[in-house]
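Participant: One structure, as structure tokens, below. Some questions next.
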Amino acid sequence: MSIFNFCYRIVPCLADPARRSSLGLKAALVVLHIVYAGTLFLFYSDLIEKTKEEPWYTAIYLLLFVAALIQYFVTSCSSPGYVLDAMRDLNEKNSLYRRSSMLSKQPASSKSGSFVITVEGSQSERNIPGSNVTSWTKLVLDMYPPGTSIRKIVRDHAKYLPITNLSKFTPPRAKHCHDCDKCVLQFDHHCVWLGTCIGRGNHCRFWWYIFEETALCLWTGILYITCLKANISRVWWKDAIMILLLVTLSIALIFLLLLLIFHSYLILTYQTTYELVRRRRIPYLRGIPERVYPFSKGVCRNLYDFCFARSSIYSLERLPTAMELEEKSRPYTCLDFLTGRCC
């Protein structure tokens, strides 16, 4: 135990079991990549000769290898938008509102450093006077259409709770993550391999990581098959190791392809994994038909918001009204495709 205590003093983050588990998974993933690459270069003796003839053959593999690892660490170090950060940022802005009458005529968006919080498509894009608790409560209420049960719950309970407990009344698409112990904006899921939540702000990085990992697995499989088909005199156990690694690689490739297709579908329909899986349990989505995507803005706008919107902007999306949901539920016609309604 003294050795462990000594290690914990040197590296304090290892004292946290959750952090230690996350670091262990990251190390295992890096080692797995190195094992596959090392086995290929050790057992494929003609790879160097083939590289001299066709440099792109190995250059693509090395490029994908480095890019996948870099994207992995970039994604694991990135954090989504948190509701508590939005509340604090709004509170700071409200304190400035009370100090200056000039700011009382500006839109209801709060800005601190690189963090910006706005309300999309809401009539309440204005300054919210009053206390900090009232400001956040009104902001949450404005994102739910009149008559919804959540508006009544927030209105009845907010006055009795301190500001630290108001985070349970979250805007639409936000959810509390029990692993991170934080409320995440546009919560998708908690990834144990990355050790962070996937949500608004890092979902795009997560998609690119899956894409690069899928491409790496595909190209690695091609190199392994080429190595096995080559007429090289090797001992039987080398072939057995490569076949075993190729089988596990094929299983991982199938999983990554399905995951990539699934998240591509979520992007095009502007959904999250949590909303799709727990749709019947989310109060504001229960009465909406399954084939209606309430937050979708069209394929082109969905792709733009996902890929090209600044990651420093964490927008709070309001729940569509009944008229907007009825419009979204209307089937597409040939005229809609011509006019660009689907986009």
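Letters A, B, ... go to the chains of the structure tokens in the order shown; residues in each chain start at 1; ligands are counted from 1 in the same order.
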Excluding same-chain residues fewer than 2 positions from segment 177-192 of chain A, what lies within 9 Å of it counting only C-alpha atoms, as a PyMOL selection string?

Facilitator: chain A and resi 18+21-22+25+80-84+167-168+170-175+194-201+203+271-275+314-317

Participant: Taking 4 positions as the minimum chain separation for residues in the same chain, which residues sit within 8 Å of Leu260 of chain A when counting only C-alpha atoms? Answer as a list in words.

Facilitator: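 Using only C-alpha atoms, the neighbours found are Trp207, Ile210, Phe211, Leu256 and Ser264 of chain A.
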
Participant: Take the residues just selected and output them with C-alpha atoms as a PDB file, in the first residue's frame.

Facilitator:
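And here's result.pdb as it stands now:
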ATOM      1  CA  TRP A 207     -17.977  12.195 -35.003  1.00  0.00           C
ATOM      2  CA  ILE A 210     -15.233   7.810 -35.110  1.00  0.00           C
ATOM      3  CA  PHE A 211     -14.688   8.561 -38.800  1.00  0.00           C
ATOM      4  CA  LEU A 256     -17.414   1.499 -35.721  1.00  0.00           C
ATOM      5  CA  SER A 264     -24.631  10.470 -39.046  1.00  0.00           C
TER       6      SER A 264
END

Participant: Between atom CA of His263 of chain A and atom CA of Arg286 of chain A, what distance in Å does the model show, to one decimal?

Facilitator: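 Interatomic distance here is 22.1 Å.
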
Participant: Set the distance at 12 Å and use only C-alpha atoms: which residues neighbour Tyr209 of chain A once local chain neighbours fewer than 6 positions away are removed? I'd like the list as a list in words.

Facilitator: Leu64, Phe65, Val66, Ala67, Ala68, Leu69, Ile70, Gln71, Tyr72, Phe73, Val74, Thr75, Ser76, Trp193, Leu194, Asn202, His203, Ala215, Leu216, Leu256, Leu259, Leu260 and His263 of chain A

Participant: Extract the full set of alpha helix (DSSP H) residues from segment 162-246 of chain A according to DSSP on the backbone, and format it as JSON, numbers by chain.

Facilitator: {"A": [203, 204, 205, 206, 207, 208, 209, 210, 211, 212, 213, 214, 215, 216, 217, 218, 219, 220, 221, 222, 223, 224, 225, 226, 227, 228, 229, 236, 237, 238, 239, 240, 241, 242, 243, 244, 245, 246]}

Participant: Quick one: of A:Val247, A:Leu223, A:Met323, A:Leu276, who's nearest to Leu47 of chain A, counting only C-alpha atoms?

Facilitator: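 Nearest candidate to Leu47 of chain A out of A:Val247, A:Leu223, A:Met323, A:Leu276: A:Leu223.
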
Participant: Interatomic distance between atom CA of Thr51 of chain A and atom CA of Ser250 of chain A?

Facilitator: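 Separation of atom CA of Thr51 of chain A and atom CA of Ser250 of chain A: 24.3 Å.
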
Participant: Go through A:Leu141, A:Cys227, A:Cys204, A:Leu63 one by one, measure the shortest atom-to-atom distance of each to Met242 of chain A using only C-alpha atoms, and give the residue with the smallest value.

Facilitator: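 Going through A:Leu141, A:Cys227, A:Cys204, A:Leu63 one by one, the smallest distance to Met242 of chain A is for A:Cys227.
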
Participant: Point out the residue among A:Ala240, A:Ile267, A:Leu246, A:Leu228 with the least atom-to-atom distance to Phe206 of chain A, counting only C-alpha atoms.

Facilitator: A:Ile267

Participant: A:Tyr224, A:Tyr284, A:Trp219, A:Tyr270: which is nearest Cys300 of chain A, counting only C-alpha atoms?

Facilitator: A:Tyr270

Participant: Excluding same-chain residues fewer than 5 positions from Lys238 of chain A, what lies within 10 Å of it counting only C-alpha atoms, as a ChimeraX atom specification?

Facilitator: /A:39,42-43,228,243-244
